[in-house]
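Everything below concerns the one structure shown next.
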Amino acid sequence: MIATLNSWDALVRRVENLASDSPATKEILTFYGELLKTQRDIEGWLRSRRDWLPSGCLSEDLPVLRDCLPMLLQKVATHGPAPLAQEAQGLLTASIEVIDETLLTYWHLPSDTQFFAKAFLQPYARWLADSGGKPIDKSFIPQEHRCPFCGGMPQVSFLQITEAQSESGNRQLICAACLTNWAFRRVVCAYCGEERPFKLGYFHTKEYDHVRVEACDTCRHYIK
């Protein structure tokens with residue numbers, strides 16, 4: 001399932017509410033809100049292109065995508081934390097070859113350390129899925145704990161009640177690369193598929209009782 005443009009607005013409102021309630025995290029949440037607005041604008045710009053749909057081959061779509069990359073870089077340079085703002089300034093003057101290599105590397109080998117490529121390509125991947133396309137330049141083996149659309153890693157897990165008589169809700173994972181969400185079993189590691197309960201840990205605090213961290217002793221990964 002792919003979210004629509006309206007969901008960007010819902011995310012922005014959520015972040016703004018959280019920022020007003022939590023002084024300790026207000027600065028980073030305010031920045032994240034600005035980032036979400038820019039991602040919304042990028043997807044809106046891509047959707048508004050006449051006689052153009054994403055092909056699913058990123059190298060072919062880059063000539064169009066490059067036109068809106070400065071939008072994100074300028075936003076981060078203005079509102080982002082100092083290290084990200086400095087990196088954004090550098091990318092604003094980088095060559096086309098450097099930009100293309102950065103985006104293509106992330107597209108084929110996603111990494112959470114590649115902030116700009118991840119943030120920029122999420123709107124593109126969402127529009128690709130929403131327009132009925134698929135990533136034709138990526139090959140991956142379908143796995144339960146990987147995104148069924150692009151093969152990406154899960155970014156976060158959440159519970160969603162889909163039946164009125166259900167008390168706990170069904171578990172969903174959200175892809176870090178394209179923001180697709182898909183159903184996933186409850187007591188299983190979202191990274192390696194570990195099922196043994198004694199290998200899985202859960203951590204939370206009463207202050208944020210609705211949020212928890214799920215950790216796995218087998219692969220040493222965790223997911224919020």
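A note on labels: chains of the structure tokens are A, B, ... as shown, every chain counts residues from 1, and ligands are counted from 1 in their shown order.
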Taking 6 positions as the minimum chain separation for residues in the same chain, which residues sit within 9 Å of Phe184 of chain A when counting only C-alpha atoms? Answer as a PDB file with C-alpha atoms, in the first residue's frame.
```pdb
ATOM      1  CA  GLU A 144       8.798 -11.813   3.997  1.00  0.00           C
ATOM      2  CA  HIS A 145      10.887  -9.225   5.849  1.00  0.00           C
ATOM      3  CA  SER A 157       6.998  -1.323  12.507  1.00  0.00           C
ATOM      4  CA  ASN A 170      -1.942  -6.573  12.867  1.00  0.00           C
ATOM      5  CA  ARG A 171       1.736  -5.798  12.452  1.00  0.00           C
ATOM      6  CA  GLN A 172       2.903  -3.774   9.462  1.00  0.00           C
ATOM      7  CA  LEU A 173       6.395  -2.825   8.282  1.00  0.00           C
ATOM      8  CA  ALA A 190      12.017  -7.718  10.975  1.00  0.00           C
TER       9      ALA A 190
END
```
For Gln39 of chain A: contacts at 8 Å, only C-alpha atoms, fewer than 6 positions along chain excluded, given as a CSV table (one decimal) with N, CA, C and O atoms, in the first residue's frame:
```csv
chain,number,residue,atom,x,y,z
A,8,TRP,N,1.4,13.1,3.4
A,8,TRP,CA,2.4,14.0,3.7
A,8,TRP,C,1.9,15.1,4.7
A,8,TRP,O,2.6,15.4,5.7
A,72,LEU,N,15.4,20.2,-2.2
A,72,LEU,CA,15.6,19.5,-0.9
A,72,LEU,C,17.0,20.0,-0.3
A,72,LEU,O,17.0,20.2,0.9
A,119,ALA,N,16.3,10.6,1.5
A,119,ALA,CA,15.2,11.6,1.6
A,119,ALA,C,14.7,12.0,0.2
A,119,ALA,O,13.5,12.2,0.0
A,120,PHE,N,15.6,12.1,-0.7
A,120,PHE,CA,15.2,12.6,-2.0
A,120,PHE,C,14.5,11.5,-2.9
A,120,PHE,O,13.5,11.8,-3.6
A,122,GLN,N,12.7,8.9,-1.8
A,122,GLN,CA,11.4,8.4,-1.2
A,122,GLN,C,10.2,8.9,-2.0
A,122,GLN,O,9.4,8.1,-2.4
A,123,PRO,N,10.1,10.2,-2.3
A,123,PRO,CA,9.0,10.7,-3.1
A,123,PRO,C,8.9,10.1,-4.5
A,123,PRO,O,7.9,9.8,-5.0
```
- Write out as JSON, numbers by chain all residues of segment 151-223 of chain A that backbone DSSP assigns to strand (DSSP E or B). {"A": [154, 155, 156, 157, 158, 159, 160, 170, 171, 172, 173, 174, 175, 181, 182, 183, 200, 201, 202, 203, 213, 214, 215, 216, 222, 223]}
Kindly export the residues of the current selection with N, CA, C and O atoms, as an mmCIF file, in the first residue's frame.
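The result, stored in out.cif:
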```
data_model
loop_
_atom_site.group_PDB
_atom_site.id
_atom_site.type_symbol
_atom_site.label_atom_id
_atom_site.label_comp_id
_atom_site.auth_asym_id
_atom_site.auth_seq_id
_atom_site.Cartn_x
_atom_site.Cartn_y
_atom_site.Cartn_z
ATOM 1 N N PRO A 154 13.048 -2.677 6.174
ATOM 2 C CA PRO A 154 12.014 -1.993 6.949
ATOM 3 C C PRO A 154 12.609 -0.843 7.760
ATOM 4 O O PRO A 154 13.719 -0.934 8.279
ATOM 5 N N GLN A 155 11.871 0.234 7.853
ATOM 6 C CA GLN A 155 12.305 1.412 8.608
ATOM 7 C C GLN A 155 11.663 1.466 9.988
ATOM 8 O O GLN A 155 12.283 1.873 10.963
ATOM 9 N N VAL A 156 10.410 1.054 10.048
ATOM 10 C CA VAL A 156 9.677 1.097 11.311
ATOM 11 C C VAL A 156 8.554 0.070 11.242
ATOM 12 O O VAL A 156 8.137 -0.342 10.158
ATOM 13 N N SER A 157 8.099 -0.365 12.403
ATOM 14 C CA SER A 157 6.998 -1.323 12.507
ATOM 15 C C SER A 157 5.852 -0.656 13.253
ATOM 16 O O SER A 157 6.087 0.170 14.133
ATOM 17 N N PHE A 158 4.625 -0.989 12.892
ATOM 18 C CA PHE A 158 3.487 -0.448 13.640
ATOM 19 C C PHE A 158 2.350 -1.459 13.659
ATOM 20 O O PHE A 158 2.304 -2.384 12.841
ATOM 21 N N LEU A 159 1.464 -1.287 14.615
ATOM 22 C CA LEU A 159 0.302 -2.158 14.741
ATOM 23 C C LEU A 159 -0.933 -1.413 14.257
ATOM 24 O O LEU A 159 -1.137 -0.248 14.597
ATOM 25 N N GLN A 160 -1.745 -2.090 13.479
ATOM 26 C CA GLN A 160 -2.942 -1.476 12.913
ATOM 27 C C GLN A 160 -4.131 -2.411 13.097
ATOM 28 O O GLN A 160 -4.082 -3.569 12.665
ATOM 29 N N ASN A 170 -2.867 -5.845 13.731
ATOM 30 C CA ASN A 170 -1.942 -6.573 12.867
ATOM 31 C C ASN A 170 -0.665 -5.774 12.684
ATOM 32 O O ASN A 170 -0.677 -4.549 12.603
ATOM 33 N N ARG A 171 0.445 -6.462 12.588
ATOM 34 C CA ARG A 171 1.736 -5.798 12.452
ATOM 35 C C ARG A 171 2.008 -5.439 10.997
ATOM 36 O O ARG A 171 1.751 -6.230 10.088
ATOM 37 N N GLN A 172 2.525 -4.244 10.782
ATOM 38 C CA GLN A 172 2.903 -3.774 9.462
ATOM 39 C C GLN A 172 4.343 -3.255 9.523
ATOM 40 O O GLN A 172 4.779 -2.713 10.543
ATOM 41 N N LEU A 173 5.070 -3.402 8.424
ATOM 42 C CA LEU A 173 6.395 -2.825 8.282
ATOM 43 C C LEU A 173 6.337 -1.722 7.226
ATOM 44 O O LEU A 173 5.559 -1.811 6.274
ATOM 45 N N ILE A 174 7.159 -0.688 7.391
ATOM 46 C CA ILE A 174 7.242 0.393 6.415
ATOM 47 C C ILE A 174 8.635 0.401 5.805
ATOM 48 O O ILE A 174 9.635 0.407 6.520
ATOM 49 N N CYS A 175 8.705 0.402 4.494
ATOM 50 C CA CYS A 175 9.976 0.362 3.781
ATOM 51 C C CYS A 175 10.718 1.693 3.915
ATOM 52 O O CYS A 175 10.131 2.768 3.756
ATOM 53 N N ASN A 181 4.046 -0.052 2.844
ATOM 54 C CA ASN A 181 3.899 -0.863 4.054
ATOM 55 C C ASN A 181 3.261 -2.204 3.709
ATOM 56 O O ASN A 181 2.469 -2.319 2.780
ATOM 57 N N TRP A 182 3.662 -3.237 4.456
ATOM 58 C CA TRP A 182 3.171 -4.585 4.194
ATOM 59 C C TRP A 182 3.010 -5.348 5.502
ATOM 60 O O TRP A 182 3.653 -5.039 6.510
ATOM 61 N N ALA A 183 2.121 -6.341 5.469
ATOM 62 C CA ALA A 183 1.825 -7.134 6.666
ATOM 63 C C ALA A 183 3.003 -8.031 7.014
ATOM 64 O O ALA A 183 3.682 -8.568 6.138
ATOM 65 N N LEU A 200 14.620 -12.546 21.137
ATOM 66 C CA LEU A 200 13.972 -11.275 20.817
ATOM 67 C C LEU A 200 13.695 -10.489 22.094
ATOM 68 O O LEU A 200 13.193 -11.038 23.072
ATOM 69 N N GLY A 201 14.031 -9.209 22.086
ATOM 70 C CA GLY A 201 13.819 -8.367 23.254
ATOM 71 C C GLY A 201 12.964 -7.152 22.922
ATOM 72 O O GLY A 201 12.907 -6.709 21.769
ATOM 73 N N TYR A 202 12.290 -6.628 23.936
ATOM 74 C CA TYR A 202 11.405 -5.481 23.757
ATOM 75 C C TYR A 202 11.682 -4.466 24.860
ATOM 76 O O TYR A 202 11.757 -4.821 26.034
ATOM 77 N N PHE A 203 11.851 -3.202 24.491
ATOM 78 C CA PHE A 203 12.191 -2.154 25.440
ATOM 79 C C PHE A 203 11.247 -0.966 25.257
ATOM 80 O O PHE A 203 10.970 -0.548 24.125
ATOM 81 N N VAL A 213 10.959 -0.451 21.373
ATOM 82 C CA VAL A 213 12.054 -0.871 20.504
ATOM 83 C C VAL A 213 12.128 -2.387 20.543
ATOM 84 O O VAL A 213 12.170 -2.986 21.626
ATOM 85 N N GLU A 214 12.126 -3.012 19.377
ATOM 86 C CA GLU A 214 12.229 -4.460 19.281
ATOM 87 C C GLU A 214 13.641 -4.804 18.823
ATOM 88 O O GLU A 214 14.100 -4.322 17.780
ATOM 89 N N ALA A 215 14.341 -5.610 19.607
ATOM 90 C CA ALA A 215 15.744 -5.939 19.322
ATOM 91 C C ALA A 215 15.922 -7.439 19.140
ATOM 92 O O ALA A 215 15.162 -8.239 19.685
ATOM 93 N N CYS A 216 16.943 -7.790 18.365
ATOM 94 C CA CYS A 216 17.228 -9.191 18.077
ATOM 95 C C CYS A 216 18.672 -9.521 18.457
ATOM 96 O O CYS A 216 19.609 -8.857 17.996
ATOM 97 N N TYR A 222 17.788 -3.613 15.552
ATOM 98 C CA TYR A 222 16.571 -3.255 16.268
ATOM 99 C C TYR A 222 15.666 -2.451 15.340
ATOM 100 O O TYR A 222 16.111 -1.918 14.319
ATOM 101 N N ILE A 223 14.400 -2.388 15.701
ATOM 102 C CA ILE A 223 13.450 -1.578 14.933
ATOM 103 C C ILE A 223 12.488 -0.931 15.904
ATOM 104 O O ILE A 223 12.124 -1.520 16.933
#
```
- Item | Point-to-point distance in Å for atom CA of Lys224 of chain A and atom CA of Tyr106 of chain A | 22.2 Å
- Residues of segment 114-192 of chain A in alpha helix (DSSP H) according to DSSP, as a ChimeraX atom specification? /A:115-130
- Using only C-alpha atoms, pick whichever of A:Gln86, A:Ser95, A:Thr218, A:Thr180 has the shortest atom-to-atom distance to Glu195 of chain A. A:Thr218
- Item | Long-range neighbours of Glu27 of chain A as a PyMOL selection string, 12 Å cut-off, only C-alpha atoms, 4 positions minimum in chain | chain A and resi 15-16+18-23+31-34+79-81
Would you write out those residues with C-alpha atoms, as a PDB file, in the first residue's frame?
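File selection.pdb, as written:
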```
ATOM      1  CA  VAL A  15       5.298  16.246  13.692  1.00  0.00           C
ATOM      2  CA  GLU A  16       4.112  19.775  14.488  1.00  0.00           C
ATOM      3  CA  LEU A  18       4.816  16.414  18.739  1.00  0.00           C
ATOM      4  CA  ALA A  19       7.187  19.376  18.506  1.00  0.00           C
ATOM      5  CA  SER A  20       4.826  21.578  20.506  1.00  0.00           C
ATOM      6  CA  ASP A  21       4.480  18.903  23.215  1.00  0.00           C
ATOM      7  CA  SER A  22       8.155  18.026  23.584  1.00  0.00           C
ATOM      8  CA  PRO A  23      10.638  20.896  24.100  1.00  0.00           C
ATOM      9  CA  PHE A  31      13.547  20.254  10.922  1.00  0.00           C
ATOM     10  CA  TYR A  32      11.833  16.966  10.121  1.00  0.00           C
ATOM     11  CA  GLY A  33       8.591  18.831   9.496  1.00  0.00           C
ATOM     12  CA  GLU A  34      10.349  21.071   6.960  1.00  0.00           C
ATOM     13  CA  HIS A  79      16.915  24.351   8.393  1.00  0.00           C
ATOM     14  CA  GLY A  80      19.076  21.287   8.983  1.00  0.00           C
ATOM     15  CA  PRO A  81      21.545  20.518  11.781  1.00  0.00           C
TER      16      PRO A  81
END
```
- Rounded to one decimal place, report the atom CA of Ala125 of chain A-atom CA of Ser111 of chain A distance in Å.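 The value is 15.3 Å.
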- In Å to one decimal, how far is atom CA of Thr102 of chain A from atom CA of Ala117 of chain A?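 Going from atom CA of Ala117 of chain A over to atom CA of Thr102 of chain A, I get 6.7 Å.
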- Counting only C-alpha atoms, which of A:Glu194, A:Asp67, A:Asp61, A:Asp41 gets nearest to Leu128 of chain A?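 Between A:Glu194, A:Asp67, A:Asp61, A:Asp41, the residue approaching Leu128 of chain A most closely is A:Asp61.
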